[in-house]
>>> print(open('coords_7.cif').read())   # mmCIF, C-alpha atoms
data_entry
loop_
_atom_site.label_atom_id
_atom_site.label_comp_id
_atom_site.auth_asym_id
_atom_site.auth_seq_id
_atom_site.Cartn_x
_atom_site.Cartn_y
_atom_site.Cartn_z
CA ASP A 1 0.00 0.00 0.00
CA ALA A 2 1.80 2.97 -1.41
CA LEU A 3 1.88 6.36 0.24
CA PRO A 4 0.91 9.36 -1.84
CA ILE A 5 3.96 10.64 -3.72
CA LEU A 6 3.15 14.23 -2.78
CA SER A 7 3.23 13.42 0.96
CA GLN A 8 6.63 11.78 0.59
CA LEU A 9 7.98 14.73 -1.40
CA ASP A 10 6.62 17.15 1.21
CA ALA A 11 8.36 15.15 3.94
CA LEU A 12 11.67 15.37 2.05
CA GLU A 13 11.30 19.14 1.65
CA LEU A 14 10.41 19.57 5.33
CA ASN A 15 13.53 17.61 6.27
CA LYS A 16 15.73 19.83 4.09
CA ALA A 17 14.16 22.96 5.59
CA LEU A 18 14.72 21.63 9.12
CA GLU A 19 18.37 20.85 8.40
CA GLN A 20 18.91 24.35 7.03
CA LEU A 21 17.16 25.87 10.04
CA VAL A 22 19.19 23.81 12.54
CA TRP A 23 22.46 24.73 10.80
CA SER A 24 21.47 28.40 10.63
CA GLN A 25 20.54 28.49 14.31
CA PHE A 26 23.75 26.70 15.24
CA MET A 27 25.84 29.18 13.25
CA GLN A 28 24.04 32.07 14.98
CA CYS A 29 25.50 30.80 18.26
CA PHE A 30 28.95 31.68 16.88
CA HIS A 31 27.96 35.00 15.30
CA GLY A 32 30.18 37.15 17.54
CA PHE A 33 33.21 34.89 17.33
CA LYS A 34 36.20 35.19 15.03
CA PRO A 35 35.13 34.70 11.37
CA GLY A 36 36.00 31.26 10.05
CA LEU A 37 36.27 29.75 13.53
CA LEU A 38 34.35 26.63 12.54
CA ALA A 39 35.46 26.46 8.91
CA ARG A 40 38.15 23.80 9.48
CA VAL A 41 35.79 21.49 11.37
CA GLU A 42 32.50 22.31 9.63
CA PRO A 43 31.98 18.82 8.12
CA GLU A 44 32.50 17.21 11.53
CA VAL A 45 30.22 19.70 13.31
CA LYS A 46 27.51 19.12 10.69
CA ALA A 47 27.93 15.36 11.05
CA LEU A 48 27.49 15.62 14.83
CA LEU A 49 24.34 17.71 14.38
CA TRP A 50 22.92 15.22 11.86
CA ILE A 51 23.76 12.31 14.20
CA PHE A 52 21.90 14.15 16.94
CA LEU A 53 18.89 14.61 14.63
CA TRP A 54 19.07 10.96 13.55
CA ARG A 55 19.13 9.82 17.18
CA PHE A 56 15.93 11.67 18.06
CA THR A 57 14.09 10.97 14.81
CA ILE A 58 14.82 7.82 12.86
CA CYS A 59 16.53 5.95 15.67
CA SER A 60 13.82 6.56 18.25
CA LYS A 61 10.67 7.35 16.24
CA ASN A 62 11.32 5.46 13.01
CA ALA A 63 10.58 8.63 11.03
CA THR A 64 12.21 11.90 10.10
CA VAL A 65 10.65 15.15 11.33
CA GLY A 66 9.10 15.72 7.90
CA GLN A 67 7.66 12.22 7.88
CA THR A 68 6.24 12.70 11.38
CA ILE A 69 4.48 15.90 10.29
CA MET A 70 3.09 14.07 7.24
CA ASP A 71 2.13 11.03 9.40
CA ILE A 72 4.57 8.72 7.60
CA GLN A 73 6.96 6.17 9.09
CA TYR A 74 9.68 3.98 7.69
CA LYS A 75 8.80 0.33 7.50
CA ASN A 76 10.97 -2.71 7.16
CA ASP A 77 10.30 -3.92 3.62
CA LEU A 78 12.57 -6.91 4.23
CA SER A 79 10.26 -8.24 6.94
CA LYS A 80 8.31 -11.36 6.01
CA THR A 81 5.34 -10.61 8.27
CA PRO A 82 2.34 -8.92 6.66
CA LYS A 83 1.81 -6.47 9.52
CA TYR A 84 3.84 -3.28 9.95
CA GLN A 85 7.43 -3.75 11.13
CA PRO A 86 9.71 -0.78 11.89
CA LEU A 87 13.23 -0.61 10.52
CA SER A 88 15.62 -2.98 12.25
CA LYS A 89 18.47 -1.60 14.33
CA GLN A 90 20.91 -2.57 11.57
CA GLN A 91 18.82 -0.72 8.95
CA LYS A 92 18.81 2.39 11.13
CA ILE A 93 22.60 2.20 11.52
CA TRP A 94 23.01 1.78 7.75
CA TYR A 95 20.71 4.77 7.23
CA LEU A 96 23.02 6.81 9.46
CA ILE A 97 26.13 5.59 7.62
CA PHE A 98 24.69 6.28 4.16
CA THR A 99 23.28 9.71 4.96
CA VAL A 100 25.57 11.26 7.56
CA GLY A 101 28.71 9.35 6.63
CA GLY A 102 28.17 9.94 2.92
CA ARG A 103 27.71 13.68 3.38
CA TRP A 104 30.74 13.90 5.65
CA LEU A 105 32.94 11.97 3.20
CA GLU A 106 31.79 14.12 0.30
CA GLU A 107 32.53 17.34 2.20
CA ARG A 108 35.81 16.15 3.70
CA SER A 109 37.29 14.16 0.78
CA TYR A 110 38.75 17.22 -0.91
CA ASP A 111 40.67 18.20 2.24
CA VAL A 112 41.81 14.66 2.90
CA PHE A 113 43.14 14.06 -0.60
CA SER A 114 44.45 17.47 -1.65
CA ASN A 115 48.04 18.45 -1.06
CA HIS A 116 48.85 15.08 0.45
CA PRO A 117 52.54 14.05 0.62
CA PHE A 118 51.87 10.66 -0.98
CA GLY A 119 51.11 12.32 -4.31
CA SER A 120 49.63 10.43 -7.23
CA SER A 121 48.14 7.46 -5.34
CA PHE A 122 46.01 9.91 -3.36
CA ALA A 123 45.14 11.81 -6.52
CA LYS A 124 43.88 8.53 -8.00
CA THR A 125 41.86 7.86 -4.84
CA LYS A 126 40.38 11.34 -5.02
CA THR A 127 39.45 10.77 -8.67
CA LEU A 128 37.80 7.48 -7.72
CA ILE A 129 35.82 9.18 -4.94
CA ASN A 130 34.69 11.93 -7.32
CA PHE A 131 33.67 9.31 -9.91
CA THR A 132 31.78 7.33 -7.25
CA ALA A 133 30.03 10.50 -6.03
CA GLY A 134 28.96 11.26 -9.61
CA LEU A 135 27.73 7.71 -10.06
CA LEU A 136 25.73 7.97 -6.83
CA ARG A 137 24.15 11.23 -8.02
CA ILE A 138 23.13 9.62 -11.32
CA SER A 139 21.80 6.60 -9.41
CA GLY A 140 19.89 8.95 -7.12
CA LEU A 141 18.33 10.68 -10.12
CA LEU A 142 17.35 7.37 -11.71
CA ASN A 143 15.93 6.23 -8.38
CA PHE A 144 13.90 9.43 -8.14
CA LEU A 145 12.47 8.89 -11.64
CA VAL A 146 11.47 5.34 -10.65
CA PHE A 147 9.96 6.75 -7.44
CA LEU A 148 7.83 9.15 -9.47
CA GLN A 149 6.50 6.14 -11.39
CA ASN A 150 5.78 3.73 -8.55
CA GLY A 151 5.68 5.88 -5.38
CA LYS A 152 8.16 3.79 -3.36
CA PHE A 153 11.64 4.65 -2.09
CA ALA A 154 12.00 8.40 -2.63
CA THR A 155 15.74 8.31 -1.96
CA LEU A 156 18.48 5.88 -2.94
CA THR A 157 19.18 5.23 0.75
CA GLU A 158 15.57 4.14 1.29
CA ARG A 159 15.79 1.79 -1.69
CA LEU A 160 19.04 0.24 -0.42
CA LEU A 161 17.58 -0.43 3.00
#
>>> encode(input="coords_7.cif", output="structure tokens")
Amino acid sequence: DALPILSQLDALELNKALEQLVWSQFMQCFHGFKPGLLARVEPEVKALLWIFLWRFTICSKNATVGQTIMDIQYKNDLSKTPKYQPLSKQQKIWYLIFTVGGRWLEERSYDVFSNHPFGSSFAKTKTLINFTAGLLRISGLLNFLVFLQNGKFATLTERLL
């Protein structure tokens, strides 16, 4: 029983708006400090904030804030029982790794692999990461087009879980 596509899209947009609001509010806390204070650790700070959000949304309520507002919850599509089953603990951990870890790696990979003393092997690794990120974006787009057709798995992460 498929959820309306519009409700799922609204939930995604609400989640994006919440993340922007949380980051904006967090940055306001450091408004009077030296400019660029957090710049070197921004990916890690963001990751900690997203872990905090994950802990009090998906981990404990089996839904993002946007999904909660739209009265939607994740369900375990791998479960064999016909009645509703929430995501397993492992699925929730994988969700965290794919979303928070993926974002962190994308933001941090340039710093990790640029100007490194080991030279070309790290340049090759950086190229591989960039290629993989591009492939994931294309896969995400294809997944979204499939989602628009069948109304299931709005994000690639949801499909993988």
>>> atom_distance(input="coords_7.cif", atom1="atom CA of Asn15 of chain A", atom2="atom CA of Met70 of chain A")
11.1 Å
>>> atom_distance(input="coords_7.cif", atom1="atom CA of Gln91 of chain A", atom2="atom CA of Lys126 of chain A")
28.4 Å
>>> atom_distance(input="coords_7.cif", atom1="atom CA of Leu14 of chain A", atom2="atom CA of Arg108 of chain A")
25.7 Å
>>> residues_near_point(input="coords_7.cif", point="(20.6, 4.9, 12.5)", cutoff="10 Å", atoms="only C-alpha atoms", output="ChimeraX atom specification")
/A:51,54-60,62,87-100
>>> closest_residue(input="coords_7.cif", among="A:Ala17, A:Leu3, A:Val45, A:Leu128", to="Lys75 of chain A", atoms="only C-alpha atoms")
A:Leu3
>>> resolve_selection(input="coords_7.cif", expression="the PyMOL selection byres ((chain A and resi 133-141) around 10)", output="JSON, numbers by chain")
{"A": [102, 105, 106, 127, 128, 129, 130, 131, 132, 142, 143, 144, 145, 146, 147, 154, 155, 156, 157, 159]}
>>> residues_around(input="coords_7.cif", residues="Leu6 of chain A", least_positions_apart="5", cutoff="12 Å", atoms="all atoms listed in the file", output="PyMOL selection string")
chain A and resi 11-13+67+70+72+147-148+151-152+154
>>> write_last_selection(input="coords_7.cif", atoms="C-alpha atoms", output="PDB file, in the coordinates of the input")
ATOM      1  CA  ALA A  11       8.360  15.150   3.940  1.00  0.00           C
ATOM      2  CA  LEU A  12      11.670  15.370   2.050  1.00  0.00           C
ATOM      3  CA  GLU A  13      11.300  19.140   1.650  1.00  0.00           C
ATOM      4  CA  GLN A  67       7.660  12.220   7.880  1.00  0.00           C
ATOM      5  CA  MET A  70       3.090  14.070   7.240  1.00  0.00           C
ATOM      6  CA  ILE A  72       4.570   8.720   7.600  1.00  0.00           C
ATOM      7  CA  PHE A 147       9.960   6.750  -7.440  1.00  0.00           C
ATOM      8  CA  LEU A 148       7.830   9.150  -9.470  1.00  0.00           C
ATOM      9  CA  GLY A 151       5.680   5.880  -5.380  1.00  0.00           C
ATOM     10  CA  LYS A 152       8.160   3.790  -3.360  1.00  0.00           C
ATOM     11  CA  ALA A 154      12.000   8.400  -2.630  1.00  0.00           C
TER      12      ALA A 154
END
>>> closest_residue(input="coords_7.cif", among="A:Val22, A:Met27, A:Leu9, A:Leu37", to="Phe52 of chain A", atoms="all atoms listed in the file")
A:Val22
>>> closest_residue(input="coords_7.cif", among="A:Gln25, A:Gln73, A:Gly66, A:Lys46", to="Gln85 of chain A", atoms="all atoms listed in the file")
A:Gln73
>>> decode(input="coords_7.cif", residues="segment 122-138 of chain A", atoms="all heavy atoms", output="PDB file, in the first residue's frame")
ATOM      1  N   PHE A 122      47.140   9.215  -3.971  1.00  0.00           N
ATOM      2  CA  PHE A 122      46.012   9.907  -3.357  1.00  0.00           C
ATOM      3  C   PHE A 122      45.198  10.662  -4.395  1.00  0.00           C
ATOM      4  O   PHE A 122      43.986  10.791  -4.268  1.00  0.00           O
ATOM      5  CB  PHE A 122      46.474  10.824  -2.222  1.00  0.00           C
ATOM      6  CG  PHE A 122      46.749  10.071  -0.960  1.00  0.00           C
ATOM      7  CD1 PHE A 122      48.031   9.655  -0.652  1.00  0.00           C
ATOM      8  CD2 PHE A 122      45.714   9.749  -0.097  1.00  0.00           C
ATOM      9  CE1 PHE A 122      48.282   8.929   0.501  1.00  0.00           C
ATOM     10  CE2 PHE A 122      45.958   9.029   1.055  1.00  0.00           C
ATOM     11  CZ  PHE A 122      47.243   8.615   1.362  1.00  0.00           C
ATOM     12  N   ALA A 123      45.859  11.151  -5.434  1.00  0.00           N
ATOM     13  CA  ALA A 123      45.140  11.811  -6.524  1.00  0.00           C
ATOM     14  C   ALA A 123      44.226  10.810  -7.216  1.00  0.00           C
ATOM     15  O   ALA A 123      43.088  11.134  -7.571  1.00  0.00           O
ATOM     16  CB  ALA A 123      46.121  12.420  -7.515  1.00  0.00           C
ATOM     17  N   LYS A 124      44.706   9.580  -7.390  1.00  0.00           N
ATOM     18  CA  LYS A 124      43.884   8.533  -7.998  1.00  0.00           C
ATOM     19  C   LYS A 124      42.696   8.196  -7.098  1.00  0.00           C
ATOM     20  O   LYS A 124      41.578   8.001  -7.573  1.00  0.00           O
ATOM     21  CB  LYS A 124      44.715   7.278  -8.260  1.00  0.00           C
ATOM     22  CG  LYS A 124      45.715   7.451  -9.379  1.00  0.00           C
ATOM     23  CD  LYS A 124      46.578   6.216  -9.532  1.00  0.00           C
ATOM     24  CE  LYS A 124      47.667   6.464 -10.564  1.00  0.00           C
ATOM     25  NZ  LYS A 124      48.595   5.357 -10.650  1.00  0.00           N
ATOM     26  N   THR A 125      42.942   8.137  -5.791  1.00  0.00           N
ATOM     27  CA  THR A 125      41.863   7.856  -4.839  1.00  0.00           C
ATOM     28  C   THR A 125      40.826   8.971  -4.881  1.00  0.00           C
ATOM     29  O   THR A 125      39.624   8.711  -4.865  1.00  0.00           O
ATOM     30  CB  THR A 125      42.428   7.693  -3.415  1.00  0.00           C
ATOM     31  OG1 THR A 125      43.418   6.678  -3.425  1.00  0.00           O
ATOM     32  CG2 THR A 125      41.327   7.333  -2.431  1.00  0.00           C
ATOM     33  N   LYS A 126      41.293  10.197  -4.940  1.00  0.00           N
ATOM     34  CA  LYS A 126      40.384  11.344  -5.018  1.00  0.00           C
ATOM     35  C   LYS A 126      39.543  11.273  -6.287  1.00  0.00           C
ATOM     36  O   LYS A 126      38.330  11.511  -6.266  1.00  0.00           O
ATOM     37  CB  LYS A 126      41.181  12.643  -4.970  1.00  0.00           C
ATOM     38  CG  LYS A 126      40.329  13.886  -4.986  1.00  0.00           C
ATOM     39  CD  LYS A 126      41.201  15.112  -4.960  1.00  0.00           C
ATOM     40  CE  LYS A 126      40.374  16.337  -5.252  1.00  0.00           C
ATOM     41  NZ  LYS A 126      41.183  17.507  -5.454  1.00  0.00           N
ATOM     42  N   THR A 127      40.169  10.920  -7.406  1.00  0.00           N
ATOM     43  CA  THR A 127      39.447  10.771  -8.668  1.00  0.00           C
ATOM     44  C   THR A 127      38.397   9.672  -8.547  1.00  0.00           C
ATOM     45  O   THR A 127      37.267   9.834  -9.023  1.00  0.00           O
ATOM     46  CB  THR A 127      40.435  10.454  -9.817  1.00  0.00           C
ATOM     47  OG1 THR A 127      41.397  11.501  -9.881  1.00  0.00           O
ATOM     48  CG2 THR A 127      39.725  10.314 -11.139  1.00  0.00           C
ATOM     49  N   LEU A 128      38.752   8.574  -7.923  1.00  0.00           N
ATOM     50  CA  LEU A 128      37.804   7.479  -7.718  1.00  0.00           C
ATOM     51  C   LEU A 128      36.621   7.930  -6.859  1.00  0.00           C
ATOM     52  O   LEU A 128      35.471   7.608  -7.160  1.00  0.00           O
ATOM     53  CB  LEU A 128      38.516   6.284  -7.073  1.00  0.00           C
ATOM     54  CG  LEU A 128      37.637   5.069  -6.771  1.00  0.00           C
ATOM     55  CD1 LEU A 128      37.088   4.474  -8.066  1.00  0.00           C
ATOM     56  CD2 LEU A 128      38.411   4.031  -5.988  1.00  0.00           C
ATOM     57  N   ILE A 129      36.897   8.684  -5.801  1.00  0.00           N
ATOM     58  CA  ILE A 129      35.824   9.183  -4.937  1.00  0.00           C
ATOM     59  C   ILE A 129      34.916  10.128  -5.716  1.00  0.00           C
ATOM     60  O   ILE A 129      33.684  10.047  -5.618  1.00  0.00           O
ATOM     61  CB  ILE A 129      36.398   9.859  -3.679  1.00  0.00           C
ATOM     62  CG1 ILE A 129      36.953   8.793  -2.734  1.00  0.00           C
ATOM     63  CG2 ILE A 129      35.332  10.695  -2.965  1.00  0.00           C
ATOM     64  CD1 ILE A 129      37.663   9.331  -1.521  1.00  0.00           C
ATOM     65  N   ASN A 130      35.495  11.016  -6.509  1.00  0.00           N
ATOM     66  CA  ASN A 130      34.688  11.929  -7.324  1.00  0.00           C
ATOM     67  C   ASN A 130      33.832  11.167  -8.328  1.00  0.00           C
ATOM     68  O   ASN A 130      32.664  11.494  -8.544  1.00  0.00           O
ATOM     69  CB  ASN A 130      35.573  12.949  -8.040  1.00  0.00           C
ATOM     70  CG  ASN A 130      36.149  13.973  -7.101  1.00  0.00           C
ATOM     71  OD1 ASN A 130      35.617  14.214  -6.018  1.00  0.00           O
ATOM     72  ND2 ASN A 130      37.250  14.585  -7.498  1.00  0.00           N
ATOM     73  N   PHE A 131      34.407  10.136  -8.959  1.00  0.00           N
ATOM     74  CA  PHE A 131      33.670   9.308  -9.906  1.00  0.00           C
ATOM     75  C   PHE A 131      32.518   8.590  -9.204  1.00  0.00           C
ATOM     76  O   PHE A 131      31.391   8.559  -9.696  1.00  0.00           O
ATOM     77  CB  PHE A 131      34.605   8.292 -10.570  1.00  0.00           C
ATOM     78  CG  PHE A 131      33.897   7.342 -11.487  1.00  0.00           C
ATOM     79  CD1 PHE A 131      33.479   7.760 -12.740  1.00  0.00           C
ATOM     80  CD2 PHE A 131      33.641   6.040 -11.083  1.00  0.00           C
ATOM     81  CE1 PHE A 131      32.812   6.880 -13.587  1.00  0.00           C
ATOM     82  CE2 PHE A 131      32.979   5.159 -11.914  1.00  0.00           C
ATOM     83  CZ  PHE A 131      32.561   5.575 -13.178  1.00  0.00           C
ATOM     84  N   THR A 132      32.801   8.032  -8.026  1.00  0.00           N
ATOM     85  CA  THR A 132      31.781   7.335  -7.249  1.00  0.00           C
ATOM     86  C   THR A 132      30.672   8.289  -6.834  1.00  0.00           C
ATOM     87  O   THR A 132      29.486   7.944  -6.913  1.00  0.00           O
ATOM     88  CB  THR A 132      32.407   6.666  -6.004  1.00  0.00           C
ATOM     89  OG1 THR A 132      33.457   5.797  -6.432  1.00  0.00           O
ATOM     90  CG2 THR A 132      31.385   5.885  -5.220  1.00  0.00           C
ATOM     91  N   ALA A 133      31.041   9.501  -6.408  1.00  0.00           N
ATOM     92  CA  ALA A 133      30.028  10.498  -6.030  1.00  0.00           C
ATOM     93  C   ALA A 133      29.141  10.841  -7.222  1.00  0.00           C
ATOM     94  O   ALA A 133      27.911  10.957  -7.088  1.00  0.00           O
ATOM     95  CB  ALA A 133      30.708  11.750  -5.481  1.00  0.00           C
ATOM     96  N   GLY A 134      29.743  10.989  -8.397  1.00  0.00           N
ATOM     97  CA  GLY A 134      28.956  11.259  -9.606  1.00  0.00           C
ATOM     98  C   GLY A 134      28.033  10.107  -9.944  1.00  0.00           C
ATOM     99  O   GLY A 134      26.863  10.312 -10.307  1.00  0.00           O
ATOM    100  N   LEU A 135      28.545   8.900  -9.813  1.00  0.00           N
ATOM    101  CA  LEU A 135      27.730   7.706 -10.061  1.00  0.00           C
ATOM    102  C   LEU A 135      26.556   7.633  -9.091  1.00  0.00           C
ATOM    103  O   LEU A 135      25.431   7.295  -9.491  1.00  0.00           O
ATOM    104  CB  LEU A 135      28.624   6.465  -9.923  1.00  0.00           C
ATOM    105  CG  LEU A 135      28.219   5.200 -10.649  1.00  0.00           C
ATOM    106  CD1 LEU A 135      28.130   5.449 -12.144  1.00  0.00           C
ATOM    107  CD2 LEU A 135      29.228   4.107 -10.358  1.00  0.00           C
ATOM    108  N   LEU A 136      26.810   7.970  -7.826  1.00  0.00           N
ATOM    109  CA  LEU A 136      25.729   7.971  -6.833  1.00  0.00           C
ATOM    110  C   LEU A 136      24.681   9.034  -7.148  1.00  0.00           C
ATOM    111  O   LEU A 136      23.487   8.806  -6.954  1.00  0.00           O
ATOM    112  CB  LEU A 136      26.298   8.173  -5.430  1.00  0.00           C
ATOM    113  CG  LEU A 136      26.992   6.966  -4.832  1.00  0.00           C
ATOM    114  CD1 LEU A 136      27.693   7.338  -3.528  1.00  0.00           C
ATOM    115  CD2 LEU A 136      26.007   5.834  -4.608  1.00  0.00           C
ATOM    116  N   ARG A 137      25.111  10.185  -7.650  1.00  0.00           N
ATOM    117  CA  ARG A 137      24.152  11.233  -8.024  1.00  0.00           C
ATOM    118  C   ARG A 137      23.273  10.777  -9.189  1.00  0.00           C
ATOM    119  O   ARG A 137      22.070  10.994  -9.191  1.00  0.00           O
ATOM    120  CB  ARG A 137      24.884  12.523  -8.375  1.00  0.00           C
ATOM    121  CG  ARG A 137      25.360  13.262  -7.154  1.00  0.00           C
ATOM    122  CD  ARG A 137      25.857  14.669  -7.520  1.00  0.00           C
ATOM    123  NE  ARG A 137      26.421  15.298  -6.355  1.00  0.00           N
ATOM    124  CZ  ARG A 137      27.708  15.320  -6.045  1.00  0.00           C
ATOM    125  NH1 ARG A 137      28.576  14.746  -6.852  1.00  0.00           N
ATOM    126  NH2 ARG A 137      28.127  15.902  -4.952  1.00  0.00           N
ATOM    127  N   ILE A 138      23.896  10.142 -10.179  1.00  0.00           N
ATOM    128  CA  ILE A 138      23.127   9.621 -11.320  1.00  0.00           C
ATOM    129  C   ILE A 138      22.170   8.535 -10.843  1.00  0.00           C
ATOM    130  O   ILE A 138      21.002   8.501 -11.230  1.00  0.00           O
ATOM    131  CB  ILE A 138      24.075   9.086 -12.421  1.00  0.00           C
ATOM    132  CG1 ILE A 138      24.805  10.260 -13.075  1.00  0.00           C
ATOM    133  CG2 ILE A 138      23.311   8.272 -13.460  1.00  0.00           C
ATOM    134  CD1 ILE A 138      25.933   9.855 -13.997  1.00  0.00           C
TER     135      ILE A 138
END
